[in-house]
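For reference, model_10.pdb (PDB, C-alpha atoms):
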```pdb
MODEL        1
ATOM      1  CA  MET P   1      84.273 139.061 151.840
ATOM      2  CA  ARG P   2      81.766 140.507 154.176
ATOM      3  CA  ARG P   3      80.780 138.752 157.280
ATOM      4  CA  GLY P   4      77.952 136.313 156.867
ATOM      5  CA  GLN P   5      78.482 135.751 153.153
ATOM      6  CA  ARG P   6      79.171 132.245 152.008
ATOM      7  CA  GLY P   7      80.717 130.907 148.789
ATOM      8  CA  PHE P   8      84.004 130.450 147.002
ATOM      9  CA  THR P   9      86.544 133.007 146.059
ATOM     10  CA  LEU P  10      87.604 133.439 142.457
ATOM     11  CA  VAL P  11      90.975 131.829 143.210
ATOM     12  CA  GLU P  12      89.308 128.730 144.678
ATOM     13  CA  VAL P  13      87.069 128.369 141.617
ATOM     14  CA  MET P  14      90.036 128.724 139.220
ATOM     15  CA  VAL P  15      92.062 126.111 141.129
ATOM     16  CA  SER P  16      89.155 123.651 141.080
ATOM     17  CA  ILE P  17      88.633 124.187 137.320
ATOM     18  CA  ALA P  18      92.343 123.568 136.701
ATOM     19  CA  ILE P  19      92.271 120.325 138.722
ATOM     20  CA  PHE P  20      89.096 119.192 136.918
ATOM     21  CA  THR P  21      90.726 119.905 133.532
ATOM     22  CA  ILE P  22      93.852 117.913 134.396
ATOM     23  CA  VAL P  23      91.822 114.925 135.618
ATOM     24  CA  SER P  24      89.558 115.080 132.517
ATOM     25  CA  LEU P  25      92.537 115.130 130.158
ATOM     26  CA  ALA P  26      94.098 112.143 131.916
ATOM     27  CA  MET P  27      90.846 110.194 131.642
ATOM     28  CA  ALA P  28      90.440 111.107 127.959
ATOM     29  CA  GLY P  29      93.992 109.941 127.219
ATOM     30  CA  THR P  30      93.344 106.625 128.938
ATOM     31  CA  PHE P  31      90.094 106.221 127.011
ATOM     32  CA  LEU P  32      91.821 106.883 123.665
ATOM     33  CA  VAL P  33      94.558 104.336 124.366
ATOM     34  CA  GLY P  34      91.923 101.722 125.216
ATOM     35  CA  TYR P  35      89.863 102.585 122.146
ATOM     36  CA  ARG P  36      92.879 102.205 119.852
ATOM     37  CA  ALA P  37      93.763  98.848 121.382
ATOM     38  CA  ILE P  38      90.203  97.578 120.919
ATOM     39  CA  SER P  39      90.100  98.866 117.323
ATOM     40  CA  ASN P  40      93.373  97.128 116.471
ATOM     41  CA  GLU P  41      92.166  93.894 118.056
ATOM     42  CA  ALA P  42      88.911  94.106 116.078
ATOM     43  CA  ARG P  43      90.893  94.434 112.829
ATOM     44  CA  VAL P  44      93.027  91.411 113.714
ATOM     45  CA  ILE P  45      89.919  89.362 114.526
ATOM     46  CA  ALA P  46      88.284  90.422 111.240
ATOM     47  CA  ALA P  47      91.363  89.363 109.276
ATOM     48  CA  ASP P  48      91.593  86.023 111.108
ATOM     49  CA  THR P  49      87.909  85.346 110.507
ATOM     50  CA  ALA P  50      88.240  86.175 106.801
ATOM     51  CA  VAL P  51      91.197  83.810 106.368
ATOM     52  CA  SER P  52      89.521  81.049 108.362
ATOM     53  CA  ASP P  53      86.280  81.296 106.399
ATOM     54  CA  ALA P  54      88.090  81.438 103.049
ATOM     55  CA  SER P  55      90.317  78.483 103.824
ATOM     56  CA  LEU P  56      87.490  76.135 104.852
ATOM     57  CA  SER P  57      85.762  75.710 101.513
ATOM     58  CA  LEU P  58      88.692  76.675  99.290
ATOM     59  CA  ILE P  59      91.113  74.092 100.688
ATOM     60  CA  ARG P  60      88.459  71.382 100.651
ATOM     61  CA  ASP P  61      87.705  72.073  96.980
ATOM     62  CA  LEU P  62      91.379  72.309  96.030
ATOM     63  CA  ASN P  63      92.136  68.964  97.690
ATOM     64  CA  SER P  64      89.604  67.307  95.385
ATOM     65  CA  ALA P  65      90.133  69.282  92.167
ATOM     66  CA  THR P  66      91.366  67.554  89.014
ATOM     67  CA  PRO P  67      93.452  69.024  87.525
ATOM     68  CA  PRO P  68      94.538  71.405  90.293
ATOM     69  CA  PRO P  69      93.869  74.999  89.217
ATOM     70  CA  SER P  70      96.329  77.860  89.474
ATOM     71  CA  GLY P  71      95.633  81.551  89.314
ATOM     72  CA  THR P  72      94.677  84.666  91.183
ATOM     73  CA  ILE P  73      91.254  85.504  92.540
ATOM     74  CA  ASP P  74      90.769  89.261  92.771
ATOM     75  CA  SER P  75      88.292  91.894  91.640
ATOM     76  CA  SER P  76      89.100  91.282  87.970
ATOM     77  CA  SER P  77      89.765  87.533  87.761
ATOM     78  CA  SER P  78      88.365  84.261  89.055
ATOM     79  CA  VAL P  79      89.422  80.616  89.333
ATOM     80  CA  THR P  80      87.285  77.638  88.298
ATOM     81  CA  LEU P  81      87.973  74.083  89.414
ATOM     82  CA  THR P  82      86.282  70.740  88.808
ATOM     83  CA  TYR P  83      86.105  67.475  90.699
ATOM     84  CA  GLY P  84      83.973  64.416  91.357
ATOM     85  CA  SER P  85      81.729  62.130  89.428
ATOM     86  CA  PRO P  86      79.306  63.449  88.326
ATOM     87  CA  GLN P  87      81.529  66.427  87.666
ATOM     88  CA  VAL P  88      81.144  69.426  89.972
ATOM     89  CA  SER P  89      82.327  72.812  88.755
ATOM     90  CA  VAL P  90      83.197  75.420  91.390
ATOM     91  CA  ARG P  91      84.023  79.027  90.545
ATOM     92  CA  TYR P  92      85.670  81.394  93.037
ATOM     93  CA  SER P  93      85.581  85.161  92.503
ATOM     94  CA  LEU P  94      85.573  88.413  94.498
ATOM     95  CA  ASP P  95      82.675  90.845  94.375
ATOM     96  CA  ALA P  96      82.769  94.624  94.853
ATOM     97  CA  ASN P  97      82.293  94.218  98.626
ATOM     98  CA  ARG P  98      85.420  92.023  98.885
ATOM     99  CA  ASN P  99      83.433  88.872  99.512
ATOM    100  CA  LEU P 100      84.957  85.619  98.292
ATOM    101  CA  ILE P 101      82.115  84.187  96.222
ATOM    102  CA  ARG P 102      81.760  80.421  95.658
ATOM    103  CA  THR P 103      79.460  79.328  92.823
ATOM    104  CA  VAL P 104      78.767  75.591  92.398
ATOM    105  CA  ASN P 105      77.606  74.346  88.965
ATOM    106  CA  GLY P 106      76.408  77.817  87.971
ATOM    107  CA  GLY P 107      73.983  77.924  90.905
ATOM    108  CA  PRO P 108      73.448  80.792  93.324
ATOM    109  CA  ASN P 109      76.453  82.724  94.609
ATOM    110  CA  GLN P 110      77.507  81.885  98.167
ATOM    111  CA  ALA P 111      79.773  84.143 100.205
ATOM    112  CA  ALA P 112      82.548  81.776 101.290
ATOM    113  CA  ALA P 113      84.325  84.575 103.166
ATOM    114  CA  ARG P 114      84.032  88.299 103.757
ATOM    115  CA  GLY P 115      86.874  90.797 103.737
ATOM    116  CA  ILE P 116      89.292  89.317 101.192
ATOM    117  CA  THR P 117      91.482  91.394  98.853
ATOM    118  CA  ARG P 118      93.204  88.651  96.873
ATOM    119  CA  VAL P 119      93.746  84.866  96.783
ATOM    120  CA  THR P 120      96.608  83.339  94.824
ATOM    121  CA  ILE P 121      96.833  79.598  94.078
ATOM    122  CA  SER P 122      99.961  77.900  92.738
ATOM    123  CA  TRP P 123     101.094  74.271  92.420
ATOM    124  CA  VAL P 124     104.357  72.367  92.249
ATOM    125  CA  GLY P 125     103.538  68.745  91.493
ATOM    126  CA  CYS P 126     100.920  67.586  93.997
ATOM    127  CA  TYR P 127     101.622  70.367  96.476
ATOM    128  CA  GLY P 128      99.809  73.658  96.351
ATOM    129  CA  THR P 129     100.221  77.001  98.023
ATOM    130  CA  VAL P 130      97.262  79.272  98.710
ATOM    131  CA  THR P 131      98.058  82.874  99.611
ATOM    132  CA  ILE P 132      95.168  84.844 101.144
ATOM    133  CA  LEU P 133      95.308  88.611 101.666
ATOM    134  CA  PRO P 134      92.542  89.892 103.980
ATOM    135  CA  SER P 135      91.266  93.426 103.395
ATOM    136  CA  ALA P 136      91.364  94.500 107.060
ATOM    137  CA  THR P 137      93.690  97.435 107.722
ATOM    138  CA  GLY P 138      97.111  96.172 108.748
ATOM    139  CA  ALA P 139      96.281  92.544 107.936
ATOM    140  CA  VAL P 140      99.107  90.316 106.783
ATOM    141  CA  THR P 141      99.101  87.773 103.982
ATOM    142  CA  VAL P 142      98.490  84.188 105.105
ATOM    143  CA  VAL P 143     100.071  81.266 103.258
ATOM    144  CA  LEU P 144      98.398  77.839 103.404
ATOM    145  CA  ASN P 145      99.844  74.604 102.071
ATOM    146  CA  VAL P 146      97.620  72.102 100.273
ATOM    147  CA  SER P 147      98.905  68.545  99.911
ATOM    148  CA  ASN P 148      98.003  64.846 100.193
ATOM    149  CA  ARG P 149      95.586  64.964  97.294
ATOM    150  CA  PRO P 150      93.200  61.995  97.277
ATOM    151  CA  GLY P 151      93.849  59.561  94.454
ATOM    152  CA  GLY P 152      97.448  60.658  94.023
ATOM    153  CA  CYS P 153      98.932  63.233  91.721
ATOM    154  CA  VAL P 154      97.066  63.975  88.494
TER     155      VAL P 154
ENDMDL
END
```
Could you take the file, read its structure, and then write that structure out as structure tokens?
Amino acid sequence: MRRGQRGFTLVEVMVSIAIFTIVSLAMAGTFLVGYRAISNEARVIAADTAVSDASLSLIRDLNSATPPPSGTIDSSSSVTLTYGSPQVSVRYSLDANRNLIRTVNGGPNQAAARGITRVTISWVGCYGTVTILPSATGAVTVVLNVSNRPGGCV
């Protein structure tokens, strides 16, 4: 360098670029780990919400149904149950968007839950088991027990 000139040498610029690159890569790695954790948590919340929403109306209807229905609710099959006086007919099915659809007395479809792959209902005597499989990636099947039917066993 000549006297009076100011600035950085090529070596100083290369060292600063290398340090900047290392710090940027460390920050990007930290960001990706955080993003994956948030994405996984969002999937778990979606699955929990789907199961919670599905269980609210489904369990209430199953507790009152006479006779208790059995079957699988998926994209190709539905389950219909009846209860009450005057008689109420409730049909559960899944649409193409994986919404659990509840239809009462042939009326308008209501989305009882979103993000459901399959619901299986089975009975032994007065005690039923409802198995709900959410569609969220990595979601696990949830098993609910239905019992204490009003009016005793039918």
Skipping near chain neighbours, those fewer than 5 positions away, what residues fall within 8 Å of Arg102 (chain P) using only C-alpha atoms, listed as a VMD selection string? chain P and resid 90 to 93 109 to 112
Would you write out, as a CSV table (one decimal) with C-alpha atoms, keeping the file's coordinate frame, every residue that the PyMOL selection byres ((chain P and resi 55) around 9) captures in this file?
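Output file result33.csv follows:
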```
chain,number,residue,atom,x,y,z
P,50,ALA,CA,88.2,86.2,106.8
P,51,VAL,CA,91.2,83.8,106.4
P,52,SER,CA,89.5,81.0,108.4
P,53,ASP,CA,86.3,81.3,106.4
P,54,ALA,CA,88.1,81.4,103.0
P,56,LEU,CA,87.5,76.1,104.9
P,57,SER,CA,85.8,75.7,101.5
P,58,LEU,CA,88.7,76.7,99.3
P,59,ILE,CA,91.1,74.1,100.7
P,60,ARG,CA,88.5,71.4,100.7
P,112,ALA,CA,82.5,81.8,101.3
P,113,ALA,CA,84.3,84.6,103.2
P,130,VAL,CA,97.3,79.3,98.7
P,132,ILE,CA,95.2,84.8,101.1
P,144,LEU,CA,98.4,77.8,103.4
```
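Residues within 12 Å of Thr80 (chain P), counting all atoms listed in the file and excluding same-chain residues fewer than 6 positions away, are Leu58, Asp61, Leu62, Ala65, Thr66, Pro67, Pro68, Pro69, Ser70, Gly71, Thr72, Ile73, Val88, Ser89, Val90, Arg91, Tyr92, Ser93, Ile101, Arg102, Thr103, Val104, Asn105, Gly106 and Ile121 of chain P.
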From the list P:Ala46, P:Val23, P:Met14, P:Ile116, the nearest residue to Asn97 (chain P) using all atoms listed in the file is P:Ile116
What separates CA of Ser77 (chain P) and CA of Thr117 (chain P) is a distance of 11.9 Å
- Task: Give me the result of the PyMOL selection byres ((chain P and resi 96) around 10) on this file, residue by residue, as a list in words.
- Result: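 Matching residues under the PyMOL selection byres ((chain P and resi 96) around 10) are Asp74, Ser75, Ser76, Leu94, Asp95, Asn97, Arg98, Asn99 and Leu100 of chain P.
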Hey, can you spit out that residue selection with C-alpha atoms as a PDB file, in the coordinates of the input?
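Writing done, so here's selection.pdb:
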```pdb
ATOM      1  CA  ASP P  74      90.769  89.261  92.771  1.00  0.00           C
ATOM      2  CA  SER P  75      88.292  91.894  91.640  1.00  0.00           C
ATOM      3  CA  SER P  76      89.100  91.282  87.970  1.00  0.00           C
ATOM      4  CA  LEU P  94      85.573  88.413  94.498  1.00  0.00           C
ATOM      5  CA  ASP P  95      82.675  90.845  94.375  1.00  0.00           C
ATOM      6  CA  ASN P  97      82.293  94.218  98.626  1.00  0.00           C
ATOM      7  CA  ARG P  98      85.420  92.023  98.885  1.00  0.00           C
ATOM      8  CA  ASN P  99      83.433  88.872  99.512  1.00  0.00           C
ATOM      9  CA  LEU P 100      84.957  85.619  98.292  1.00  0.00           C
TER      10      LEU P 100
END
```
_What's around Asp48 (chain P) at 10 Å? Count only C-alpha atoms, leave out sequence neighbours fewer than 4 positions away in its own chain, and write the answer as a VMD selection string._
chain P and resid 42 to 44 52 to 54 115 134 136 139 to 140 142
I need the residue set behind the PyMOL selection byres ((chain P and resi 145) around 6) for this file; please write it as an MDAnalysis selection string. chainID P and resid 128:129 144 146
Exercise for review: For CA of Thr131 (chain P) and CA of Arg114 (chain P), determine how far apart the two atoms are, in Å to one decimal place.
Suggested key: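 Straight-line distance from CA of Thr131 (chain P) to CA of Arg114 (chain P) works out to 15.6 Å.
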Subject >> Interatomic distance, CA of Ser135 (chain P) to CA of Tyr35 (chain P) (Å, one decimal) >> reply: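 Straight-line distance from CA of Ser135 (chain P) to CA of Tyr35 (chain P) works out to 20.9 Å.
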Size and centre in Å, one decimal, axis-aligned box, all listed region 30-48 of chain P atoms plus 4 Å per side, as AutoDock Vina command-line options:
```
--center_x 91.4 --center_y 96.5 --center_z 119.1 --size_x 14.3 --size_y 28.9 --size_z 27.7
```
